[in-house]
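To keep things clear, I will list the structure first and then write my remarks on it.
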Amino acid sequence: MSVCQKMTQKRIEESMRKAKRTKFSGLRERAGLTLEEAAALLEVSPRSVYRYEEGASAPGRLAIRVLKDAADKRTASSADLPAFRFIDLFAGIGGLRLGFESIGGRCLFTSEWDIHSQKTYALNFPDNHSIGGDIREYSKDPALIPEHDLLLAGFPCQPFSIAGVSKKNALGRPHGFLCDTQGTLFFDTAQIIAHHRPAAFVLENVKNLESHDKGRTFSTIINVLTNELGYHVQHRVISSEPWVPQKRERIFIVGFREPTEFNFKALKVPSPGNGPKLGSILEPHDKVDPKYTLTPRLWEYLQGYKEKHRAAGNGFGFSLFGPDDVTRTLSARYYKDGSEVLVDQPGKRPRRLTPRECARLMGFETPERSFRIGVSDTQAYRQFGNAVVVPVVEFVAKAIRPYLEKAIAPGPDVADGPRAAVAQVTRPDRLMASVHG
């Protein structure tokens with residue numbers, strides 16, 4: 001087993017250990033309640049709720065009934081007939097899901113292995129299905145996943161991102177398809193597509209996926225999707241700047257089982273110059289908890305670090321933004337020092353964005369839509385830094401909607417039922433990984 005495999009296996013085991021579910025925790029998540037909200041609803045102390053959650057003590061039958069009623073009430077609205085059915089793989093906190101629910105889809109299956117992301121996801125989506133964990137358990141037996149019209153997957157981007165590749169190179173670790181624990185999860189996605197043959201799929205990843213390993217990684221992905229699975233595939237890099245005050249470029253790969261007139265390249269994207277500015281998502285500085293303001297020591301360190309690299313002739317270091325600016329890409333490491341997006345506070349040291357402001361910067365929270373955060377600041381920063389910008393997904397969803405509706409509508413030009421499943425998707429990564437180490 002490679003170093004990369006061992007590290008991820010350890011993380012998976014730790015997550016599974018933490019992910020132990022009690023009847024109480026399952027109902028609480030279905031009801032969309034935080035621990036504090038559950039305590040208030042049941043009129044018990046927070047300490048009692050924590051014990052219920054961990055299984056240290058059992059709630060009474062009345063408490064379970066009240067919680068079940070709250071869960072049933074929350075999920076009842078999902079009983080309407082959906083326009084289409086989709087599954088949400090590598091779901092994170094539900095960015096892809098929000099985009100495709102906005103055009104009438106219903107999510108039938110969710111897979112996300114990180115326990116903290118599961119908590120945020122469950123808090124924000126009323127579901128009658130539990131959240132699946134490690135996707136590899138489902139790619140081994142895709143029949144565990146219900147039939148669906150559309151597959152969504154934001155498969156892990158760290159093996160292909162510029163930051164991820166640089167870090168792994170520095171540590172002498174494999175990246176891309178050489179990392180058998182993240183990079184090859186694309187093939188698990190492909191195996192599920194091969195089995196279910198959905199009418200369409202939408203995959204999302206970092207822009208650098210196109211150029212990783214001199215384009216060989218992306219060529220492998222496209223070859224699998226087109227030549228092995230037989231889908232009609234298009235892709236496009238889209239920046240989030242027209243919709244949110246952040247420059248965040250992501251690649252979207254769209255595939256249809258049958259030929260369509262959809263033209264991704266011809267799709268007109270709004271001008272970034274007309275997009276919102278940072279001030280539109282910021283809270284008033286005097287309303288922000290002082291804990292988000294950098295400490296004197298951290299601010300001194302960041303200034304010294306930037307000056308050292310400026311003198312060396314490169315641009316490494318913190319970035320400071322005001323209300324009329326558009327920020328850099330928010331990353332999963334934001335919890336460490338916030339250096340890539342610091343908010344200018346005239347007359348004071350800069351501050352980090354709050355988790356609530358991150359929710360707005362990523363488009364999860366808007367004036368019309370609230371988003372609940374029930375995890376620590378550290379976990380919230382990681383989750384938003386790993387997420388997709390929701391309005392971009394909404395834009396893509398609206399663009400493909402008429403073609404998706406036509407693809408799933410019965411008719412003589414649509415294939416009768418799913419095609420024969422591909423028994424096994426070619427996985428060149430296995431050989432590459434074993435050769436690497």
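In the structure tokens, each chain is lettered A, B, ... as it comes, each chain's residues begin at 1, and ligands are numbered from 1 in order of appearance.
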
Apply DSSP to the structure's backbone, then extract all residues of segment 53-278 of chain A labelled strand (DSSP E) and return them as a ChimeraX atom specification. /A:84-89,105-111,131-132,150-153,200-206,232-239,249-256

Can I get the selected residues back with N, CA and C atoms, as a tab-separated table (two decimals), in the first residue's frame?
chain	number	residue	atom	x	y	z
A	84	PHE	N	-36.85	15.81	-12.63
A	84	PHE	CA	-35.88	14.76	-12.91
A	84	PHE	C	-35.25	14.30	-11.59
A	85	ARG	N	-34.59	13.17	-11.65
A	85	ARG	CA	-33.97	12.59	-10.46
A	85	ARG	C	-32.45	12.64	-10.61
A	86	PHE	N	-31.75	13.00	-9.54
A	86	PHE	CA	-30.29	13.04	-9.64
A	86	PHE	C	-29.64	12.49	-8.37
A	87	ILE	N	-28.36	12.16	-8.49
A	87	ILE	CA	-27.56	11.73	-7.35
A	87	ILE	C	-26.41	12.72	-7.18
A	88	ASP	N	-25.93	12.85	-5.96
A	88	ASP	CA	-24.95	13.86	-5.59
A	88	ASP	C	-23.72	13.16	-5.01
A	89	LEU	N	-22.68	12.96	-5.82
A	89	LEU	CA	-21.47	12.27	-5.38
A	89	LEU	C	-20.39	13.27	-4.99
A	105	GLY	N	-35.04	19.51	-9.89
A	105	GLY	CA	-34.57	18.15	-9.66
A	105	GLY	C	-34.73	17.71	-8.22
A	106	ARG	N	-34.78	16.40	-8.01
A	106	ARG	CA	-34.82	15.84	-6.66
A	106	ARG	C	-33.64	14.89	-6.46
A	107	CYS	N	-32.96	15.08	-5.36
A	107	CYS	CA	-31.81	14.25	-5.04
A	107	CYS	C	-32.27	12.94	-4.40
A	108	LEU	N	-31.83	11.81	-4.98
A	108	LEU	CA	-32.21	10.48	-4.47
A	108	LEU	C	-31.11	9.81	-3.67
A	109	PHE	N	-29.88	10.27	-3.85
A	109	PHE	CA	-28.75	9.60	-3.20
A	109	PHE	C	-27.62	10.61	-3.02
A	110	THR	N	-26.98	10.54	-1.87
A	110	THR	CA	-25.87	11.45	-1.55
A	110	THR	C	-24.70	10.65	-1.02
A	111	SER	N	-23.50	10.98	-1.48
A	111	SER	CA	-22.29	10.36	-0.95
A	111	SER	C	-21.28	11.45	-0.59
A	131	ILE	N	-26.97	9.80	4.29
A	131	ILE	CA	-25.81	10.18	3.50
A	131	ILE	C	-24.82	9.02	3.46
A	132	GLY	N	-24.50	8.56	2.25
A	132	GLY	CA	-23.51	7.50	2.10
A	132	GLY	C	-22.11	8.02	2.34
A	150	LEU	N	-29.74	11.97	-13.80
A	150	LEU	CA	-28.57	12.84	-13.86
A	150	LEU	C	-27.61	12.49	-12.73
A	151	LEU	N	-26.33	12.41	-13.04
A	151	LEU	CA	-25.31	12.18	-12.02
A	151	LEU	C	-24.49	13.45	-11.85
A	152	LEU	N	-24.35	13.90	-10.62
A	152	LEU	CA	-23.52	15.05	-10.29
A	152	LEU	C	-22.33	14.58	-9.48
A	153	ALA	N	-21.15	15.08	-9.78
A	153	ALA	CA	-19.97	14.66	-9.02
A	153	ALA	C	-18.90	15.74	-9.04
A	200	ALA	N	-27.65	11.93	-18.37
A	200	ALA	CA	-26.62	12.96	-18.42
A	200	ALA	C	-25.81	12.95	-17.13
A	201	PHE	N	-24.66	13.60	-17.17
A	201	PHE	CA	-23.87	13.82	-15.97
A	201	PHE	C	-23.23	15.20	-16.04
A	202	VAL	N	-22.92	15.75	-14.88
A	202	VAL	CA	-22.18	17.00	-14.76
A	202	VAL	C	-21.08	16.77	-13.73
A	203	LEU	N	-19.84	16.91	-14.16
A	203	LEU	CA	-18.69	16.76	-13.28
A	203	LEU	C	-18.03	18.13	-13.10
A	204	GLU	N	-17.46	18.35	-11.94
A	204	GLU	CA	-16.83	19.65	-11.65
A	204	GLU	C	-15.48	19.43	-11.00
A	205	ASN	N	-14.50	20.28	-11.38
A	205	ASN	CA	-13.17	20.17	-10.80
A	205	ASN	C	-12.44	21.50	-10.98
A	206	VAL	N	-11.19	21.55	-10.54
A	206	VAL	CA	-10.40	22.76	-10.67
A	206	VAL	C	-9.96	22.98	-12.11
A	232	HIS	N	-21.61	11.77	-25.06
A	232	HIS	CA	-21.27	12.96	-25.86
A	232	HIS	C	-20.87	14.04	-24.87
A	233	VAL	N	-19.59	14.36	-24.84
A	233	VAL	CA	-19.01	15.13	-23.73
A	233	VAL	C	-18.50	16.49	-24.20
A	234	GLN	N	-18.79	17.51	-23.40
A	234	GLN	CA	-18.27	18.86	-23.62
A	234	GLN	C	-17.76	19.39	-22.28
A	235	HIS	N	-16.86	20.34	-22.34
A	235	HIS	CA	-16.35	20.92	-21.10
A	235	HIS	C	-16.08	22.41	-21.29
A	236	ARG	N	-16.05	23.11	-20.19
A	236	ARG	CA	-15.77	24.54	-20.23
A	236	ARG	C	-15.33	25.03	-18.86
A	237	VAL	N	-14.36	25.93	-18.86
A	237	VAL	CA	-13.92	26.60	-17.63
A	237	VAL	C	-14.75	27.86	-17.47
A	238	ILE	N	-15.33	28.02	-16.30
A	238	ILE	CA	-16.17	29.20	-16.02
A	238	ILE	C	-15.68	29.86	-14.73
A	239	SER	N	-15.53	31.18	-14.77
A	239	SER	CA	-15.15	31.94	-13.59
A	239	SER	C	-16.40	32.40	-12.85
A	249	GLU	N	-12.10	29.98	-10.82
A	249	GLU	CA	-12.31	29.29	-12.09
A	249	GLU	C	-12.41	27.79	-11.85
A	250	ARG	N	-13.46	27.21	-12.41
A	250	ARG	CA	-13.67	25.76	-12.28
A	250	ARG	C	-14.07	25.20	-13.63
A	251	ILE	N	-13.69	23.94	-13.85
A	251	ILE	CA	-14.06	23.29	-15.09
A	251	ILE	C	-15.30	22.44	-14.87
A	252	PHE	N	-16.24	22.54	-15.79
A	252	PHE	CA	-17.47	21.73	-15.77
A	252	PHE	C	-17.44	20.81	-16.98
A	253	ILE	N	-17.66	19.53	-16.75
A	253	ILE	CA	-17.70	18.53	-17.81
A	253	ILE	C	-19.13	18.01	-17.89
A	254	VAL	N	-19.77	18.23	-19.03
A	254	VAL	CA	-21.16	17.82	-19.21
A	254	VAL	C	-21.22	16.71	-20.25
A	255	GLY	N	-21.92	15.64	-19.94
A	255	GLY	CA	-22.05	14.54	-20.87
A	255	GLY	C	-23.50	14.11	-21.02
A	256	PHE	N	-23.91	13.84	-22.24
A	256	PHE	CA	-25.25	13.31	-22.52
A	256	PHE	C	-25.12	11.92	-23.14

Could you pull out all residues of segment 27-225 of chain A with a DSSP call of alpha helix (DSSP H) and give them as a ChimeraX atom specification? /A:27-30,35-42,46-54,61-75,95-101,115-124,136-140,162-171,185-196,216-223

Selection from above, C-alpha atoms, as a short mmCIF file (atom, residue, chain, number, x, y, z; two decimals), in the first residue's frame, can you write it?
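Contents of part_10.cif, as written:
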data_model
loop_
_atom_site.label_atom_id
_atom_site.label_comp_id
_atom_site.auth_asym_id
_atom_site.auth_seq_id
_atom_site.Cartn_x
_atom_site.Cartn_y
_atom_site.Cartn_z
CA LEU A 27 -33.67 12.05 13.48
CA ARG A 28 -32.08 15.32 14.54
CA GLU A 29 -30.28 15.64 11.21
CA ARG A 30 -33.45 14.76 9.27
CA LEU A 35 -27.79 20.39 18.93
CA GLU A 36 -28.81 23.66 20.56
CA GLU A 37 -32.06 23.82 18.55
CA ALA A 38 -32.87 20.22 19.45
CA ALA A 39 -32.38 21.02 23.13
CA ALA A 40 -34.77 23.97 22.86
CA LEU A 41 -37.38 21.92 20.97
CA LEU A 42 -37.29 19.08 23.51
CA PRO A 46 -27.74 21.01 26.03
CA ARG A 47 -25.84 18.48 28.14
CA SER A 48 -28.71 16.00 27.83
CA VAL A 49 -28.79 16.45 24.06
CA TYR A 50 -25.04 15.86 23.80
CA ARG A 51 -25.49 12.60 25.71
CA TYR A 52 -28.34 11.53 23.40
CA GLU A 53 -26.17 12.35 20.41
CA GLU A 54 -23.25 10.25 21.62
CA ARG A 61 -40.32 8.04 23.78
CA LEU A 62 -41.97 11.46 23.86
CA ALA A 63 -38.72 13.14 22.85
CA ILE A 64 -38.24 10.70 19.96
CA ARG A 65 -41.83 11.27 18.83
CA VAL A 66 -41.42 15.07 18.87
CA LEU A 67 -38.18 14.79 16.92
CA LYS A 68 -39.72 12.38 14.41
CA ASP A 69 -42.66 14.72 13.85
CA ALA A 70 -40.23 17.58 13.19
CA ALA A 71 -38.27 15.41 10.72
CA ASP A 72 -41.41 14.23 8.90
CA LYS A 73 -42.71 17.78 8.63
CA ARG A 74 -39.44 18.97 7.13
CA THR A 75 -39.23 16.20 4.51
CA GLY A 95 -23.28 23.23 -3.91
CA LEU A 96 -24.04 21.13 -6.98
CA ARG A 97 -27.28 19.97 -5.43
CA LEU A 98 -28.52 23.51 -4.80
CA GLY A 99 -27.90 24.39 -8.42
CA PHE A 100 -29.89 21.48 -9.82
CA GLU A 101 -32.67 21.66 -7.26
CA ILE A 115 -18.22 13.59 8.72
CA HIS A 116 -18.14 17.37 9.26
CA SER A 117 -19.41 18.05 5.74
CA GLN A 118 -22.13 15.46 6.32
CA LYS A 119 -23.31 17.47 9.30
CA THR A 120 -23.56 20.71 7.33
CA TYR A 121 -25.24 18.91 4.42
CA ALA A 122 -27.82 17.23 6.66
CA LEU A 123 -28.56 20.53 8.38
CA ASN A 124 -29.44 22.20 5.08
CA ARG A 136 -15.67 3.06 -3.30
CA GLU A 137 -18.20 0.94 -1.45
CA TYR A 138 -20.80 2.00 -4.01
CA SER A 139 -18.61 1.69 -7.09
CA LYS A 140 -18.00 -1.94 -6.08
CA ILE A 162 -2.00 23.93 -8.41
CA ALA A 163 -1.71 24.14 -4.62
CA GLY A 164 -2.24 20.40 -4.19
CA VAL A 165 0.35 19.44 -6.80
CA SER A 166 2.93 21.88 -5.41
CA LYS A 167 2.47 20.58 -1.88
CA LYS A 168 2.74 16.93 -2.88
CA ASN A 169 5.77 17.61 -5.05
CA ALA A 170 7.47 19.29 -2.10
CA LEU A 171 6.70 16.29 0.11
CA LEU A 185 -11.90 8.40 -7.47
CA PHE A 186 -12.83 9.62 -10.92
CA PHE A 187 -12.80 5.98 -12.01
CA ASP A 188 -15.24 5.08 -9.24
CA THR A 189 -17.52 7.78 -10.62
CA ALA A 190 -17.09 6.32 -14.12
CA GLN A 191 -17.97 2.85 -12.87
CA ILE A 192 -21.27 4.16 -11.48
CA ILE A 193 -22.01 5.91 -14.78
CA ALA A 194 -21.21 2.68 -16.61
CA HIS A 195 -23.67 0.71 -14.49
CA HIS A 196 -26.62 3.13 -14.41
CA ARG A 216 -2.53 13.54 -20.03
CA THR A 217 -4.78 13.36 -16.97
CA PHE A 218 -7.60 15.21 -18.71
CA SER A 219 -7.16 13.18 -21.89
CA THR A 220 -7.58 10.00 -19.86
CA ILE A 221 -10.78 11.32 -18.30
CA ILE A 222 -12.28 12.37 -21.62
CA ASN A 223 -11.26 9.07 -23.22
#

When you count only C-alpha atoms, which of these residues is closest to Gly385 of chain A: A:Ile408, A:Ile400, A:Ala311, A:Leu361? A:Leu361

Which is closer to Glu43 of chain A than all the others in A:Pro323, A:Pro290, A:Pro59, A:Gly275, using only C-alpha atoms?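 Looking at the shortest contact to Glu43 of chain A, the residue is A:Pro59.
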
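Distance check against Phe395 of chain A using only C-alpha atoms: of A:Ala58, A:Ser130, A:Pro270, A:Leu209, the minimum falls on A:Pro270.
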
Neighbours of segment 342-349 of chain A within 12 Å (only C-alpha atoms; same-chain residues fewer than 5 positions away dropped), as number ranges by chain? A: 278-279, 281-286, 288, 290-300, 302-303, 317-330, 334-335, 337, 354, 357-358

Can those selected residues be exported to a file as a CSV table (one decimal), in the first residue's frame so that it contains C-alpha atoms?
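Okay, out_15.csv is ready:
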chain,number,residue,atom,x,y,z
A,278,LEU,CA,-16.9,42.5,-1.9
A,279,GLY,CA,-18.8,45.1,0.0
A,281,ILE,CA,-21.4,40.4,1.1
A,282,LEU,CA,-19.6,42.0,4.1
A,283,GLU,CA,-21.0,42.5,7.5
A,284,PRO,CA,-20.4,46.0,9.1
A,285,HIS,CA,-16.9,45.9,10.7
A,286,ASP,CA,-18.3,47.0,14.1
A,288,VAL,CA,-18.0,41.5,13.4
A,290,PRO,CA,-13.1,40.9,17.2
A,291,LYS,CA,-11.7,37.3,17.1
A,292,TYR,CA,-11.7,37.6,13.3
A,293,THR,CA,-9.2,40.5,13.4
A,294,LEU,CA,-5.6,39.3,13.0
A,295,THR,CA,-3.5,39.3,16.1
A,296,PRO,CA,-0.6,41.7,16.2
A,297,ARG,CA,1.9,38.8,16.0
A,298,LEU,CA,0.2,37.2,13.0
A,299,TRP,CA,-0.2,40.5,11.1
A,300,GLU,CA,3.5,41.2,11.7
A,302,LEU,CA,2.4,38.1,7.3
A,303,GLN,CA,3.8,41.5,6.5
A,317,GLY,CA,2.1,36.7,0.5
A,318,PHE,CA,-1.2,38.0,1.8
A,319,SER,CA,-3.8,39.8,-0.2
A,320,LEU,CA,-5.8,42.6,1.2
A,321,PHE,CA,-9.3,43.6,-0.2
A,322,GLY,CA,-11.7,46.4,0.3
A,323,PRO,CA,-15.4,46.8,-0.4
A,324,ASP,CA,-14.9,47.7,-4.1
A,325,ASP,CA,-12.7,44.7,-4.9
A,326,VAL,CA,-13.1,41.1,-6.1
A,327,THR,CA,-11.2,38.6,-4.1
A,328,ARG,CA,-8.8,35.8,-5.0
A,329,THR,CA,-10.0,32.2,-4.8
A,330,LEU,CA,-11.0,31.1,-1.3
A,334,TYR,CA,-8.3,29.6,4.8
A,335,TYR,CA,-8.6,28.6,8.5
A,337,ASP,CA,-4.2,32.4,8.6
A,354,THR,CA,-16.5,35.3,8.9
A,357,GLU,CA,-19.4,36.0,4.8
A,358,CYS,CA,-17.8,32.9,3.2

I'd like the contact shell of Tyr381 of chain A - 7 Å cut-off, only C-alpha atoms, skipping same-chain residues fewer than 2 positions apart - returned as a PyMOL selection string. chain A and resi 332+334-335+355+377-379+383-385

How would the residues just chosen look if you wrote them out with C-alpha atoms as a PDB file, in the first residue's frame?
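Saved result, out13.pdb, follows:
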ATOM      1  CA  ALA A 332      -9.621  25.106   2.102  1.00  0.00           C
ATOM      2  CA  TYR A 334      -8.257  29.643   4.827  1.00  0.00           C
ATOM      3  CA  TYR A 335      -8.642  28.600   8.467  1.00  0.00           C
ATOM      4  CA  PRO A 355     -17.925  31.869   7.978  1.00  0.00           C
ATOM      5  CA  ASP A 377     -15.140  27.973  12.158  1.00  0.00           C
ATOM      6  CA  THR A 378     -12.221  25.753  11.128  1.00  0.00           C
ATOM      7  CA  GLN A 379     -14.512  23.162   9.544  1.00  0.00           C
ATOM      8  CA  GLN A 383     -16.002  23.295   3.642  1.00  0.00           C
ATOM      9  CA  PHE A 384     -16.534  26.587   1.849  1.00  0.00           C
ATOM     10  CA  GLY A 385     -12.959  26.535   0.518  1.00  0.00           C
TER      11      GLY A 385
END
